[in-house]
Amino acid sequence: KKKVPARTFTMLTWGVIAAVGFAVYWLMWLVFEIAVVSAFFDNRYQDYQQYKVESLRAARAAAHALCPQLALNLHTDKFDDWVQRLADNQITQEDFKEKMCGDDPLHRREITQMFLQYTGREAEEPDMDEYVRQLEAGEITLREIEREILGSDEAADWAQFVQSNHVKIPKENYKTIHSFKEMMDKVRAGEAVGSKEE
């Protein structure tokens with residue numbers, strides 16, 4: 001069988017493509033230059049921007065009504081992000097309330113994560129309750145809590161231990177460990193540590 005030579009674009013083909021593209025661009029420019037058309041699209045854009053502003057204002061009012069105990073300085077960026085999602089109808093008010101101020105609100109989960117990361121255990125209930133109370137009252141920020149945990153002797157011991165032994169505590173054991181000493185006892189007994197990294 002004879003091979004059919006591959007078709008290649010000729011100069012004429014490229015010229016036609018360029019001419020059609022230019023004609024489409026010129027027609028679009030001409031249409032948008034017509035005052036009536038331009039005004040129509042300008043008005044629709046302004047209406048959309050106004051709708052976004054009103055939606056965001058309504059979402060912010062709903063958010064503060066759903067979570068009135070949250071201090072303004074709690075975690076503004078995350079709060080605003082969730083308000084924006086609420087305004088864009090990406091989440092419901094029930095979702096917002098559950099994530100931001102439900103039985104296990106966002107700031108409580110963040111404190112738990114700090115303890116897991118810096119001490120290898122969850123916070124004891126009295127400590128957690130006090131941190132949550134101070135946060136919601138605006139007496140302290142998440143950054144200050146993180147600095148306090150990170151600057152503790154327990155965090156220093158945990159960091160040194162992890163660095164020198166290269167161990168990994170399985171997450172299912174976090175809730176059963178309430179102090180560095182208890183964690184060390186479980187480590188020595190081989191109950192709380194995963195396989196040692198080489």
# chains A, B, ... in the order shown; residues from 1 in each chain; ligands from 1
$ residues_around --residues "Leu106 (chain A)" --least-positions-apart "4" --cutoff "12 Å" --atoms "only C-alpha atoms" --output "ChimeraX atom specification"
/A:67,70,74-75,78-79,82,95-102,110-113,132,135-136,142
$ closest_atom_pairs --of "region 59-126 of chain A" --to "region 41-52 of chain A" --cutoff "12 Å" --atoms "only C-alpha atoms" --output "JSON lines"
{"residue": "A:Ala59", "atom": "CA", "partner": "A:Lys52", "partner_atom": "CA", "distance": 10.3}
{"residue": "A:Gln84", "atom": "CA", "partner": "A:Lys52", "partner_atom": "CA", "distance": 9.7}
{"residue": "A:Arg85", "atom": "CA", "partner": "A:Lys52", "partner_atom": "CA", "distance": 11.6}
{"residue": "A:Leu86", "atom": "CA", "partner": "A:Lys52", "partner_atom": "CA", "distance": 11.5}
{"residue": "A:Ala87", "atom": "CA", "partner": "A:Lys52", "partner_atom": "CA", "distance": 7.7}
{"residue": "A:Asp88", "atom": "CA", "partner": "A:Lys52", "partner_atom": "CA", "distance": 8.2}
{"residue": "A:Asn89", "atom": "CA", "partner": "A:Lys52", "partner_atom": "CA", "distance": 11.3}
$ residues_around --residues "Glu146 (chain A)" --least-positions-apart "6" --cutoff "9 Å" --atoms "only C-alpha atoms" --output "PDB file with all heavy atoms, in the first residue's frame"
ATOM      1  N   ILE A 111      -6.270  23.174  68.742  1.00  0.00           N
ATOM      2  CA  ILE A 111      -5.512  23.001  69.988  1.00  0.00           C
ATOM      3  C   ILE A 111      -5.104  21.544  70.154  1.00  0.00           C
ATOM      4  O   ILE A 111      -3.966  21.234  70.532  1.00  0.00           O
ATOM      5  CB  ILE A 111      -6.341  23.477  71.197  1.00  0.00           C
ATOM      6  CG1 ILE A 111      -6.610  24.979  71.111  1.00  0.00           C
ATOM      7  CG2 ILE A 111      -5.610  23.158  72.511  1.00  0.00           C
ATOM      8  CD1 ILE A 111      -7.587  25.485  72.162  1.00  0.00           C
ATOM      9  N   MET A 114      -2.167  20.850  68.009  1.00  0.00           N
ATOM     10  CA  MET A 114      -0.936  21.405  68.568  1.00  0.00           C
ATOM     11  C   MET A 114      -0.341  20.470  69.615  1.00  0.00           C
ATOM     12  O   MET A 114       0.870  20.219  69.626  1.00  0.00           O
ATOM     13  CB  MET A 114      -1.216  22.774  69.196  1.00  0.00           C
ATOM     14  CG  MET A 114      -1.541  23.874  68.216  1.00  0.00           C
ATOM     15  SD  MET A 114      -1.969  25.406  69.106  1.00  0.00           S
ATOM     16  CE  MET A 114      -2.670  26.387  67.785  1.00  0.00           C
ATOM     17  N   PHE A 115      -1.190  19.973  70.503  1.00  0.00           N
ATOM     18  CA  PHE A 115      -0.699  19.052  71.526  1.00  0.00           C
ATOM     19  C   PHE A 115      -0.148  17.779  70.902  1.00  0.00           C
ATOM     20  O   PHE A 115       0.899  17.273  71.318  1.00  0.00           O
ATOM     21  CB  PHE A 115      -1.813  18.721  72.530  1.00  0.00           C
ATOM     22  CG  PHE A 115      -1.870  19.651  73.707  1.00  0.00           C
ATOM     23  CD1 PHE A 115      -2.665  20.778  73.681  1.00  0.00           C
ATOM     24  CD2 PHE A 115      -1.102  19.405  74.841  1.00  0.00           C
ATOM     25  CE1 PHE A 115      -2.703  21.649  74.769  1.00  0.00           C
ATOM     26  CE2 PHE A 115      -1.133  20.260  75.936  1.00  0.00           C
ATOM     27  CZ  PHE A 115      -1.945  21.395  75.903  1.00  0.00           C
ATOM     28  N   TYR A 118       3.299  18.710  69.216  1.00  0.00           N
ATOM     29  CA  TYR A 118       4.411  19.175  70.039  1.00  0.00           C
ATOM     30  C   TYR A 118       4.669  18.338  71.292  1.00  0.00           C
ATOM     31  O   TYR A 118       5.767  18.410  71.854  1.00  0.00           O
ATOM     32  CB  TYR A 118       4.184  20.632  70.449  1.00  0.00           C
ATOM     33  CG  TYR A 118       4.109  21.578  69.284  1.00  0.00           C
ATOM     34  CD1 TYR A 118       3.049  22.470  69.139  1.00  0.00           C
ATOM     35  CD2 TYR A 118       5.094  21.581  68.297  1.00  0.00           C
ATOM     36  CE1 TYR A 118       2.974  23.336  68.069  1.00  0.00           C
ATOM     37  CE2 TYR A 118       5.039  22.446  67.217  1.00  0.00           C
ATOM     38  CZ  TYR A 118       3.974  23.321  67.106  1.00  0.00           C
ATOM     39  OH  TYR A 118       3.907  24.170  66.035  1.00  0.00           O
TER      40      TYR A 118
END
$ closest_residue --among "A:Ala159, A:Arg143, A:Ala58, A:Ala123" --to "Gln93 (chain A)" --atoms "only C-alpha atoms"
A:Ala58
$ atom_distance --atom1 "CA of Pro68 (chain A)" --atom2 "CA of Glu124 (chain A)"
25.9 Å
$ closest_residue --among "A:Val83, A:Val24, A:Ile140, A:Met11" --to "Ala62 (chain A)" --atoms "only C-alpha atoms"
A:Val83
$ atom_distance --atom1 "CA of Glu154 (chain A)" --atom2 "CA of Gly138 (chain A)"
26.1 Å
$ closest_residue --among "A:Ala137, A:Gly21, A:Asp81, A:Pro105" --to "Arg60 (chain A)" --atoms "only C-alpha atoms"
A:Asp81
$ select_by_dssp --residues "region 2-121 of chain A" --states "helix (DSSP H, G or I)" --output "ChimeraX atom specification"
/A:11-33,35-66,76-87,93-101,106-119
